[in-house]
Amino acid sequence: MTDALWILLLAVLVAAALAAVRRRLPVLFWWLVGYPAVTLRVLTTYRATMDACGLTVPASAMRRATARMVGRQAVPVPPRRSLPLPTGSGLVMRLRMAAGQAPEDFNASADRLQHAWGAHAVHVRPTKPGRLELRLVGWDVLADVRPPRRRLRTEPLTLPLALREDGHWHVRDFRTVPHELILGATQSGKSVYLRNLLCGLARQPVALVGIDCKWGVELAPFAARLSALADAPDRANDLLDVLVDEMEARFRLIGMKGGTGPDAVLTSDVWGLPEKARPVPVVVVVDEVAELFLATSKDDEKRRDAMVTKLIRLAQLGRAAGIYLEVCGQRFGAELGKGATMLRAQLTGRVCHRVNDETSANMALGDIAPEAALAATRIPAERPGVAVVGDSSGGWSRVRSPHLTLEDAAAVCRDTSGLIPELPRLDTFRPVVAQPSAAPAAQPIARPVTG
(Lines give C-alpha, C1' and ligand atoms only; values in the text may rest on other atoms or scores of the structure.)
Protein backbone atom coordinates (compact mmCIF):
# COMPACT_ATOMS: atom_id res chain seq x y z
CA MET A 1 0.00 0.00 0.00
CA THR A 2 2.85 2.31 0.81
CA ASP A 3 4.49 1.61 -2.55
CA ALA A 4 1.22 2.41 -4.35
CA LEU A 5 0.94 5.71 -2.52
CA TRP A 6 4.50 6.64 -3.44
CA ILE A 7 3.85 5.79 -7.08
CA LEU A 8 0.65 7.85 -7.04
CA LEU A 9 2.43 10.79 -5.41
CA LEU A 10 5.25 10.59 -7.94
CA ALA A 11 2.75 10.56 -10.82
CA VAL A 12 0.98 13.61 -9.39
CA LEU A 13 4.28 15.47 -9.03
CA VAL A 14 5.31 14.62 -12.60
CA ALA A 15 1.92 15.76 -13.92
CA ALA A 16 2.13 19.02 -11.97
CA ALA A 17 5.67 19.62 -13.21
CA LEU A 18 4.65 19.00 -16.83
CA ALA A 19 1.67 21.33 -16.42
CA ALA A 20 3.94 24.08 -15.10
CA VAL A 21 6.44 23.51 -17.92
CA ARG A 22 3.63 23.62 -20.49
CA ARG A 23 2.42 26.94 -19.13
CA ARG A 24 5.77 28.66 -18.58
CA LEU A 25 8.08 26.93 -21.08
CA PRO A 26 5.93 25.74 -23.98
CA VAL A 27 8.96 25.14 -26.22
CA LEU A 28 10.51 22.75 -23.70
CA PHE A 29 7.17 20.98 -23.20
CA TRP A 30 6.84 20.56 -26.94
CA TRP A 31 10.25 18.92 -27.24
CA LEU A 32 9.67 16.65 -24.24
CA VAL A 33 6.05 15.62 -24.76
CA GLY A 34 4.34 17.33 -27.68
CA TYR A 35 6.63 16.40 -30.55
CA PRO A 36 6.94 12.66 -29.69
CA ALA A 37 3.18 12.36 -29.13
CA VAL A 38 2.13 14.21 -32.29
CA THR A 39 4.77 12.45 -34.40
CA LEU A 40 3.56 9.04 -33.23
CA ARG A 41 -0.03 10.04 -33.98
CA VAL A 42 0.87 11.28 -37.46
CA LEU A 43 2.88 8.19 -38.38
CA THR A 44 0.24 5.71 -37.19
CA THR A 45 -2.81 7.48 -38.65
CA TYR A 46 -1.36 9.14 -41.75
CA ARG A 47 -2.98 6.93 -44.37
CA ALA A 48 -6.36 6.78 -42.63
CA THR A 49 -6.41 10.53 -42.02
CA MET A 50 -5.54 11.37 -45.60
CA ASP A 51 -8.24 8.98 -46.83
CA ALA A 52 -10.85 10.48 -44.47
CA CYS A 53 -9.96 14.01 -45.65
CA GLY A 54 -10.24 13.05 -49.31
CA LEU A 55 -6.54 13.55 -49.97
CA THR A 56 -5.84 10.09 -51.43
CA VAL A 57 -5.95 8.90 -55.04
CA PRO A 58 -6.91 5.49 -56.47
CA ALA A 59 -4.13 2.94 -56.66
CA SER A 60 -2.28 2.54 -59.92
CA ALA A 61 -3.07 -0.28 -62.35
CA MET A 62 0.06 -2.14 -61.27
CA ARG A 63 -0.98 -2.02 -57.61
CA ARG A 64 -4.52 -3.11 -58.42
CA ALA A 65 -3.24 -6.06 -60.43
CA THR A 66 -0.84 -7.06 -57.65
CA ALA A 67 -3.64 -6.82 -55.06
CA ARG A 68 -5.90 -9.09 -57.16
CA MET A 69 -3.13 -11.66 -57.42
CA VAL A 70 -2.90 -11.96 -53.62
CA GLY A 71 -6.65 -11.75 -53.13
CA ARG A 72 -6.76 -8.29 -51.61
CA GLN A 73 -8.35 -4.99 -52.46
CA ALA A 74 -6.10 -2.10 -53.52
CA VAL A 75 -6.43 0.72 -51.03
CA PRO A 76 -6.24 4.43 -52.04
CA VAL A 77 -2.76 5.92 -52.03
CA PRO A 78 -1.93 9.00 -49.92
CA PRO A 79 0.71 11.56 -50.97
CA ARG A 80 4.29 10.58 -50.32
CA ARG A 81 5.71 12.23 -47.23
CA SER A 82 8.98 12.84 -45.49
CA LEU A 83 9.63 12.12 -41.84
CA PRO A 84 8.07 14.69 -39.47
CA LEU A 85 10.93 17.02 -38.55
CA PRO A 86 10.72 19.15 -35.39
CA THR A 87 10.76 22.95 -35.48
CA GLY A 88 10.81 25.56 -32.74
CA SER A 89 7.01 25.66 -32.62
CA GLY A 90 5.84 22.37 -34.13
CA LEU A 91 6.85 19.99 -36.88
CA VAL A 92 7.05 20.05 -40.65
CA MET A 93 6.50 17.40 -43.33
CA ARG A 94 7.21 17.69 -47.03
CA LEU A 95 4.64 16.06 -49.27
CA ARG A 96 4.75 15.03 -52.90
CA MET A 97 1.27 15.44 -54.31
CA ALA A 98 -0.28 12.76 -56.46
CA ALA A 99 -1.48 13.40 -60.00
CA GLY A 100 -4.61 15.55 -59.99
CA GLN A 101 -4.00 17.09 -56.56
CA ALA A 102 -3.44 20.80 -55.90
CA PRO A 103 -2.37 22.83 -52.83
CA GLU A 104 -5.93 24.15 -52.56
CA ASP A 105 -7.13 20.63 -51.69
CA PHE A 106 -4.83 20.55 -48.66
CA ASN A 107 -5.75 24.11 -47.64
CA ALA A 108 -9.42 23.12 -47.62
CA SER A 109 -8.63 20.18 -45.32
CA ALA A 110 -6.28 22.04 -42.97
CA ASP A 111 -8.86 22.28 -40.17
CA ARG A 112 -9.65 18.56 -40.38
CA LEU A 113 -5.95 17.65 -40.28
CA GLN A 114 -5.54 19.93 -37.26
CA HIS A 115 -8.20 18.13 -35.24
CA ALA A 116 -7.21 14.66 -36.42
CA TRP A 117 -3.61 15.08 -35.29
CA GLY A 118 -4.25 17.22 -32.20
CA ALA A 119 -2.28 20.24 -33.45
CA HIS A 120 -3.03 23.86 -32.67
CA ALA A 121 -2.97 24.78 -36.37
CA VAL A 122 -1.92 23.37 -39.74
CA HIS A 123 -0.41 25.56 -42.47
CA VAL A 124 0.16 24.57 -46.08
CA ARG A 125 2.83 26.17 -48.25
CA PRO A 126 3.68 25.14 -51.82
CA THR A 127 7.45 24.85 -52.31
CA LYS A 128 7.70 23.91 -55.98
CA PRO A 129 5.44 22.28 -58.59
CA GLY A 130 4.10 19.01 -57.25
CA ARG A 131 5.46 19.50 -53.74
CA LEU A 132 4.30 21.32 -50.64
CA GLU A 133 5.19 21.81 -47.01
CA LEU A 134 2.76 20.80 -44.28
CA ARG A 135 3.57 22.64 -41.04
CA LEU A 136 1.91 21.70 -37.76
CA VAL A 137 1.98 24.25 -34.92
CA GLY A 138 2.05 22.66 -31.49
CA TRP A 139 0.58 25.50 -29.39
CA ASP A 140 -0.69 29.08 -29.63
CA VAL A 141 2.57 30.89 -30.39
CA LEU A 142 0.80 34.27 -30.35
CA ALA A 143 -0.24 33.92 -26.71
CA ASP A 144 3.10 35.20 -25.40
CA VAL A 145 5.41 36.77 -27.97
CA ARG A 146 8.91 37.74 -26.94
CA PRO A 147 11.80 39.16 -28.98
CA PRO A 148 13.95 36.47 -30.60
CA ARG A 149 16.72 35.31 -28.28
CA ARG A 150 19.25 35.50 -31.06
CA ARG A 151 19.21 38.40 -33.49
CA LEU A 152 17.94 37.25 -36.87
CA ARG A 153 20.30 37.81 -39.76
CA THR A 154 18.75 40.52 -41.88
CA GLU A 155 19.84 42.88 -44.61
CA PRO A 156 19.78 46.69 -44.28
CA LEU A 157 16.25 48.09 -44.07
CA THR A 158 14.81 44.71 -43.07
CA LEU A 159 13.35 44.25 -39.60
CA PRO A 160 11.71 41.27 -37.82
CA LEU A 161 8.69 43.04 -36.32
CA ALA A 162 6.13 40.39 -35.35
CA LEU A 163 5.74 36.65 -34.91
CA ARG A 164 3.42 34.93 -37.37
CA GLU A 165 0.97 32.26 -36.30
CA ASP A 166 3.00 29.60 -38.13
CA GLY A 167 6.06 30.30 -35.95
CA HIS A 168 8.03 32.34 -38.48
CA TRP A 169 8.86 36.02 -38.00
CA HIS A 170 7.21 38.67 -40.15
CA VAL A 171 10.11 40.64 -41.60
CA ARG A 172 9.49 44.16 -42.84
CA ASP A 173 11.61 44.64 -45.98
CA PHE A 174 11.50 48.23 -47.17
CA ARG A 175 13.27 47.48 -50.44
CA THR A 176 10.63 44.89 -51.37
CA VAL A 177 7.57 46.63 -49.86
CA PRO A 178 8.59 50.30 -49.71
CA HIS A 179 5.39 51.80 -48.26
CA GLU A 180 2.99 50.49 -45.62
CA LEU A 181 -0.38 51.33 -44.11
CA ILE A 182 -0.96 50.51 -40.43
CA LEU A 183 -4.52 50.70 -39.08
CA GLY A 184 -5.86 49.95 -35.63
CA ALA A 185 -8.24 51.21 -32.98
CA THR A 186 -7.15 52.69 -29.67
CA GLN A 187 -5.43 50.11 -27.42
CA SER A 188 -5.19 47.64 -30.29
CA GLY A 189 -1.39 47.38 -30.27
CA LYS A 190 -0.70 49.72 -33.17
CA SER A 191 1.64 51.88 -31.10
CA VAL A 192 3.64 48.82 -29.96
CA TYR A 193 4.12 47.75 -33.58
CA LEU A 194 5.32 51.26 -34.39
CA ARG A 195 7.73 51.26 -31.44
CA ASN A 196 9.33 48.03 -32.66
CA LEU A 197 9.63 49.55 -36.11
CA LEU A 198 11.25 52.76 -34.89
CA CYS A 199 13.64 50.94 -32.54
CA GLY A 200 14.74 48.62 -35.32
CA LEU A 201 15.37 51.51 -37.70
CA ALA A 202 17.07 53.59 -34.99
CA ARG A 203 19.93 51.07 -34.90
CA GLN A 204 20.56 51.47 -38.62
CA PRO A 205 22.01 54.40 -40.61
CA VAL A 206 18.59 55.71 -41.60
CA ALA A 207 17.04 59.17 -41.41
CA LEU A 208 13.77 59.05 -39.46
CA VAL A 209 11.16 61.73 -40.17
CA GLY A 210 8.02 62.04 -38.06
CA ILE A 211 4.69 63.73 -38.83
CA ASP A 212 2.41 63.70 -35.82
CA CYS A 213 -0.37 66.29 -35.81
CA LYS A 214 -1.54 65.33 -32.31
CA TRP A 215 0.95 67.91 -31.02
CA GLY A 216 3.68 65.29 -31.31
CA VAL A 217 2.54 63.24 -28.32
CA GLU A 218 3.04 59.90 -30.12
CA LEU A 219 6.44 60.57 -31.72
CA ALA A 220 7.93 63.12 -29.31
CA PRO A 221 9.42 60.39 -27.04
CA PHE A 222 11.60 59.35 -30.00
CA ALA A 223 12.74 62.88 -30.82
CA ALA A 224 16.36 62.13 -29.87
CA ARG A 225 16.66 59.92 -32.97
CA LEU A 226 14.43 61.87 -35.38
CA SER A 227 15.97 63.97 -38.13
CA ALA A 228 12.74 65.98 -38.43
CA LEU A 229 9.40 66.24 -36.64
CA ALA A 230 6.25 68.13 -37.62
CA ASP A 231 3.53 68.44 -34.98
CA ALA A 232 0.99 70.67 -36.79
CA PRO A 233 -0.61 70.57 -40.26
CA ASP A 234 1.07 73.79 -41.44
CA ARG A 235 4.49 72.56 -40.40
CA ALA A 236 3.76 69.12 -41.91
CA ASN A 237 2.92 70.82 -45.21
CA ASP A 238 6.27 72.61 -45.19
CA LEU A 239 8.10 69.41 -44.27
CA LEU A 240 6.49 67.54 -47.16
CA ASP A 241 7.71 70.31 -49.49
CA VAL A 242 11.24 69.72 -48.25
CA LEU A 243 10.91 65.96 -48.70
CA VAL A 244 9.72 66.41 -52.28
CA ASP A 245 12.71 68.70 -52.93
CA GLU A 246 15.02 66.07 -51.43
CA MET A 247 13.49 63.43 -53.69
CA GLU A 248 13.95 65.57 -56.79
CA ALA A 249 17.59 66.25 -55.84
CA ARG A 250 18.20 62.52 -55.51
CA PHE A 251 16.76 61.88 -58.95
CA ARG A 252 19.09 64.51 -60.38
CA LEU A 253 21.96 62.70 -58.67
CA ILE A 254 20.87 59.39 -60.21
CA GLY A 255 20.71 61.05 -63.63
CA MET A 256 24.17 62.52 -63.28
CA LYS A 257 25.71 59.20 -62.25
CA GLY A 258 23.95 57.49 -65.13
CA GLY A 259 25.49 59.76 -67.75
CA THR A 260 28.49 59.23 -69.95
CA GLY A 261 32.04 58.98 -68.73
CA PRO A 262 34.47 56.40 -67.36
CA ASP A 263 32.91 56.53 -63.87
CA ALA A 264 29.30 56.47 -65.03
CA VAL A 265 26.96 53.95 -63.38
CA LEU A 266 23.79 52.82 -65.13
CA THR A 267 21.08 52.68 -62.49
CA SER A 268 17.47 53.66 -61.97
CA ASP A 269 17.53 53.99 -58.17
CA VAL A 270 19.85 55.00 -55.36
CA TRP A 271 20.78 51.40 -54.53
CA GLY A 272 22.66 51.13 -57.81
CA LEU A 273 24.94 54.05 -56.95
CA PRO A 274 28.39 53.54 -55.44
CA GLU A 275 28.21 53.29 -51.67
CA LYS A 276 30.12 56.54 -51.14
CA ALA A 277 27.73 58.47 -53.42
CA ARG A 278 24.56 56.78 -52.18
CA PRO A 279 22.26 59.07 -50.17
CA VAL A 280 21.04 57.84 -46.82
CA PRO A 281 17.57 56.17 -46.79
CA VAL A 282 14.72 58.22 -45.33
CA VAL A 283 11.71 56.66 -43.58
CA VAL A 284 8.75 59.00 -43.11
CA VAL A 285 6.34 57.99 -40.33
CA VAL A 286 2.92 59.66 -40.55
CA ASP A 287 1.04 59.00 -37.31
CA GLU A 288 -2.76 59.48 -37.03
CA VAL A 289 -3.17 60.44 -40.67
CA ALA A 290 -6.78 61.52 -40.03
CA GLU A 291 -5.54 64.38 -37.84
CA LEU A 292 -3.26 65.48 -40.67
CA PHE A 293 -6.11 65.67 -43.17
CA LEU A 294 -8.85 67.21 -41.00
CA ALA A 295 -10.34 70.29 -42.64
CA THR A 296 -12.76 72.83 -41.18
CA SER A 297 -12.48 75.58 -43.81
CA LYS A 298 -11.72 76.11 -47.48
CA ASP A 299 -8.10 76.93 -46.70
CA ASP A 300 -7.76 73.70 -44.74
CA GLU A 301 -9.19 71.75 -47.67
CA LYS A 302 -6.66 73.30 -50.06
CA ARG A 303 -3.81 72.48 -47.70
CA ARG A 304 -5.13 68.94 -47.24
CA ASP A 305 -5.36 68.31 -50.99
CA ALA A 306 -1.85 69.69 -51.43
CA MET A 307 -0.46 67.38 -48.73
CA VAL A 308 -2.22 64.33 -50.22
CA THR A 309 -0.71 65.18 -53.60
CA LYS A 310 2.77 65.41 -52.10
CA LEU A 311 2.37 62.10 -50.28
CA ILE A 312 1.21 60.48 -53.53
CA ARG A 313 4.32 61.79 -55.27
CA LEU A 314 6.51 60.42 -52.50
CA ALA A 315 4.72 57.08 -52.66
CA GLN A 316 4.96 56.79 -56.44
CA LEU A 317 8.56 57.94 -56.84
CA GLY A 318 10.10 57.67 -53.39
CA ARG A 319 11.20 54.03 -53.62
CA ALA A 320 13.77 54.78 -56.32
CA ALA A 321 15.03 57.76 -54.31
CA GLY A 322 15.32 55.79 -51.07
CA ILE A 323 12.35 57.51 -49.37
CA TYR A 324 9.79 55.23 -47.71
CA LEU A 325 6.40 55.86 -46.07
CA GLU A 326 4.78 54.40 -42.96
CA VAL A 327 1.23 55.75 -42.68
CA CYS A 328 -0.63 54.99 -39.42
CA GLY A 329 -4.14 55.76 -38.26
CA GLN A 330 -7.46 54.51 -36.96
CA ARG A 331 -9.24 55.04 -40.27
CA PHE A 332 -8.18 55.66 -43.83
CA GLY A 333 -10.41 56.18 -46.83
CA ALA A 334 -12.06 58.50 -49.32
CA GLU A 335 -13.56 60.62 -46.53
CA LEU A 336 -10.08 61.97 -45.83
CA GLY A 337 -10.14 63.97 -49.01
CA LYS A 338 -9.34 63.99 -52.68
CA GLY A 339 -6.61 61.54 -53.62
CA ALA A 340 -6.66 59.52 -50.39
CA THR A 341 -7.79 56.38 -52.19
CA MET A 342 -5.00 56.78 -54.73
CA LEU A 343 -2.51 57.14 -51.88
CA ARG A 344 -3.80 53.97 -50.25
CA ALA A 345 -3.25 52.05 -53.49
CA GLN A 346 0.45 52.97 -53.31
CA LEU A 347 0.78 51.63 -49.74
CA THR A 348 1.21 47.99 -50.75
CA GLY A 349 2.13 46.77 -47.27
CA ARG A 350 -0.89 46.47 -44.97
CA VAL A 351 -1.11 45.86 -41.22
CA CYS A 352 -4.56 45.85 -39.64
CA HIS A 353 -4.96 45.53 -35.87
CA ARG A 354 -8.30 45.34 -34.12
CA VAL A 355 -10.62 47.94 -35.64
CA ASN A 356 -13.93 49.39 -34.53
CA ASP A 357 -15.94 48.42 -37.60
CA GLU A 358 -15.86 46.23 -40.68
CA THR A 359 -15.43 49.23 -42.98
CA SER A 360 -12.02 50.01 -41.52
CA ALA A 361 -10.88 46.41 -42.05
CA ASN A 362 -12.06 46.56 -45.65
CA MET A 363 -10.14 49.80 -46.14
CA ALA A 364 -6.97 48.07 -45.02
CA LEU A 365 -7.32 44.61 -46.51
CA GLY A 366 -10.45 44.44 -48.65
CA ASP A 367 -8.60 45.21 -51.88
CA ILE A 368 -5.99 42.51 -51.08
CA ALA A 369 -7.95 39.54 -49.75
CA PRO A 370 -11.57 39.62 -48.49
CA GLU A 371 -10.87 36.73 -46.09
CA ALA A 372 -8.05 38.77 -44.53
CA ALA A 373 -10.48 41.62 -43.80
CA LEU A 374 -12.86 39.11 -42.20
CA ALA A 375 -10.02 37.77 -40.03
CA ALA A 376 -9.19 41.31 -38.87
CA THR A 377 -12.74 41.84 -37.61
CA ARG A 378 -12.41 38.75 -35.40
CA ILE A 379 -9.37 39.90 -33.42
CA PRO A 380 -10.42 39.83 -29.74
CA ALA A 381 -10.03 42.98 -27.67
CA GLU A 382 -8.25 41.09 -24.89
CA ARG A 383 -5.32 40.27 -27.18
CA PRO A 384 -3.73 43.63 -28.07
CA GLY A 385 -0.93 43.47 -30.58
CA VAL A 386 -2.54 40.80 -32.75
CA ALA A 387 -2.85 42.00 -36.34
CA VAL A 388 -3.42 40.74 -39.86
CA VAL A 389 -0.57 41.43 -42.26
CA GLY A 390 -1.17 41.41 -46.00
CA ASP A 391 0.65 42.41 -49.16
CA SER A 392 -0.17 43.08 -52.79
CA SER A 393 0.35 39.40 -53.70
CA GLY A 394 -2.83 38.46 -51.81
CA GLY A 395 -1.04 36.55 -49.07
CA TRP A 396 -1.86 37.30 -45.45
CA SER A 397 -1.16 36.01 -41.96
CA ARG A 398 -1.98 36.74 -38.31
CA VAL A 399 0.92 38.20 -36.38
CA ARG A 400 1.66 39.66 -32.96
CA SER A 401 4.40 42.10 -31.99
CA PRO A 402 6.50 41.56 -28.85
CA HIS A 403 5.53 43.99 -26.13
CA LEU A 404 7.82 47.03 -25.93
CA THR A 405 7.22 49.77 -23.39
CA LEU A 406 7.41 53.42 -24.30
CA GLU A 407 10.26 53.97 -21.84
CA ASP A 408 12.37 51.20 -23.37
CA ALA A 409 11.71 52.45 -26.90
CA ALA A 410 12.63 56.01 -25.95
CA ALA A 411 15.82 54.76 -24.30
CA VAL A 412 16.85 53.00 -27.52
CA CYS A 413 16.33 56.23 -29.46
CA ARG A 414 18.41 58.18 -26.96
CA ASP A 415 21.22 55.63 -27.10
CA THR A 416 21.29 55.73 -30.92
CA SER A 417 21.03 59.51 -31.30
CA GLY A 418 24.61 59.55 -32.61
CA LEU A 419 23.45 57.72 -35.76
CA ILE A 420 21.40 60.67 -37.04
CA PRO A 421 22.71 61.28 -40.58
CA GLU A 422 23.51 64.67 -42.06
CA LEU A 423 20.64 65.99 -44.17
CA PRO A 424 20.91 69.80 -44.36
CA ARG A 425 17.44 70.21 -45.84
CA LEU A 426 15.89 68.79 -42.66
CA ASP A 427 17.88 70.82 -40.14
CA THR A 428 15.08 73.37 -39.79
CA PHE A 429 12.70 70.64 -38.64
CA ARG A 430 15.08 68.94 -36.20
CA PRO A 431 13.19 68.52 -32.90
CA VAL A 432 14.58 70.16 -29.81
CA VAL A 433 15.50 67.51 -27.26
CA ALA A 434 15.49 68.56 -23.63
CA GLN A 435 18.73 67.61 -21.94
CA PRO A 436 18.41 66.10 -18.46
CA SER A 437 19.32 68.74 -15.95
CA ALA A 438 22.25 68.08 -13.68
CA ALA A 439 21.48 67.34 -10.08
CA PRO A 440 21.80 70.51 -7.97
CA ALA A 441 24.89 70.69 -5.82
CA ALA A 442 24.31 69.86 -2.19
CA GLN A 443 24.09 72.97 -0.07
CA PRO A 444 26.26 73.02 3.07
CA ILE A 445 24.30 72.69 6.26
CA ALA A 446 24.96 75.48 8.79
CA ARG A 447 26.01 74.10 12.12
CA PRO A 448 26.52 76.02 15.33
CA VAL A 449 30.12 76.76 16.20
CA THR A 450 31.19 75.17 19.42
CA GLY A 451 34.26 76.22 21.32
# chains A, B, ... in the order shown; residues from 1 in each chain; ligands from 1

$ residues_around --residues "stretch 328-333 of chain A" --least-positions-apart "2" --cutoff "9 Å" --atoms "only C-alpha atoms" --output "ChimeraX atom specification"
/A:180-186,190,194,285-291,326,335-337,340-341,344,355-356,359-361,363-364

$ residues_around --residues "stretch 120-131 of chain A" --least-positions-apart "5" --cutoff "12 Å" --atoms "only C-alpha atoms" --output "number ranges by chain"
A: 30, 34, 38, 79-82, 89-115, 136-142, 164-168, 395, 397

$ residues_around --residues "A:Thr56" --least-positions-apart "6" --cutoff "7 Å" --atoms "only C-alpha atoms" --output "NGL selection string"
:A and (50 or 76-79)

$ write_last_selection --atoms "N, CA and C atoms" --output "PDB file, in the first residue's frame"
ATOM      1  N   MET A  50      -5.505  10.854 -44.243  1.00  0.00           N
ATOM      2  CA  MET A  50      -5.543  11.373 -45.598  1.00  0.00           C
ATOM      3  C   MET A  50      -6.745  10.838 -46.369  1.00  0.00           C
ATOM      4  N   PRO A  76      -6.681   3.145 -51.478  1.00  0.00           N
ATOM      5  CA  PRO A  76      -6.237   4.431 -52.035  1.00  0.00           C
ATOM      6  C   PRO A  76      -4.846   4.804 -51.526  1.00  0.00           C
ATOM      7  N   VAL A  77      -4.157   5.569 -52.325  1.00  0.00           N
ATOM      8  CA  VAL A  77      -2.761   5.918 -52.025  1.00  0.00           C
ATOM      9  C   VAL A  77      -2.689   7.368 -51.547  1.00  0.00           C
ATOM     10  N   PRO A  78      -2.101   7.615 -50.379  1.00  0.00           N
ATOM     11  CA  PRO A  78      -1.926   9.002 -49.922  1.00  0.00           C
ATOM     12  C   PRO A  78      -0.682   9.612 -50.555  1.00  0.00           C
ATOM     13  N   PRO A  79      -0.509  10.928 -50.435  1.00  0.00           N
ATOM     14  CA  PRO A  79       0.712  11.563 -50.966  1.00  0.00           C
ATOM     15  C   PRO A  79       1.951  11.044 -50.227  1.00  0.00           C
TER      16      PRO A  79
END

$ closest_residue --among "A:Val12, A:Val283, A:Ala19, A:Ala220" --to "A:Val432" --atoms "only C-alpha atoms"
A:Ala220

$ atom_distance --atom1 "atom CA of A:Leu314" --atom2 "atom CA of A:Val282"
11.1 Å

$ residues_around --residues "A:Leu374" --least-positions-apart "2" --cutoff "10 Å" --atoms "only C-alpha atoms" --output "list in words"
Glu358, Ala361, Asn362, Leu365, Gly366, Ala369, Pro370, Glu371, Ala372, Ala376, Thr377, Arg378, Ile379 and Val388 of chain A

$ closest_residue --among "A:Leu85, A:Leu240, A:Met69, A:Val21" --to "A:Pro36" --atoms "only C-alpha atoms"
A:Leu85

$ select_by_dssp --residues "stretch 327-407 of chain A" --states "helix (DSSP H, G or I)" --output "count of residues only"
29

$ closest_residue --among "A:Glu218, A:Val433, A:Val75, A:Pro160" --to "A:Pro58" --atoms "only C-alpha atoms"
A:Val75

$ closest_residue --among "A:Met256, A:Ala277, A:Ile211, A:Leu239" --to "A:Leu292" --atoms "only C-alpha atoms"
A:Ile211

$ atom_distance --atom1 "atom CA of A:Gly385" --atom2 "atom CA of A:Ser191"
8.8 Å

$ closest_atom_pairs --of "stretch 161-228 of chain A" --to "stretch 417-431 of chain A" --cutoff "9 Å" --atoms "only C-alpha atoms" --output "tab-separated table"
residue	atom	partner	partner_atom	distance
A:Ala202	CA	A:Leu419	CA	7.6
A:Arg203	CA	A:Leu419	CA	7.6
A:Gln204	CA	A:Leu419	CA	7.5
A:Pro205	CA	A:Leu419	CA	6.1
A:Val206	CA	A:Pro421	CA	7.0
A:Ala207	CA	A:Pro421	CA	6.1
A:Leu208	CA	A:Ile420	CA	8.2
A:Val209	CA	A:Leu426	CA	8.9
A:Ala220	CA	A:Pro431	CA	8.3
A:Ala223	CA	A:Pro431	CA	6.0
A:Ala224	CA	A:Ser417	CA	5.6
A:Arg225	CA	A:Ser417	CA	4.7
A:Leu226	CA	A:Arg430	CA	7.2
A:Ser227	CA	A:Arg430	CA	5.4
A:Ala228	CA	A:Arg430	CA	4.4
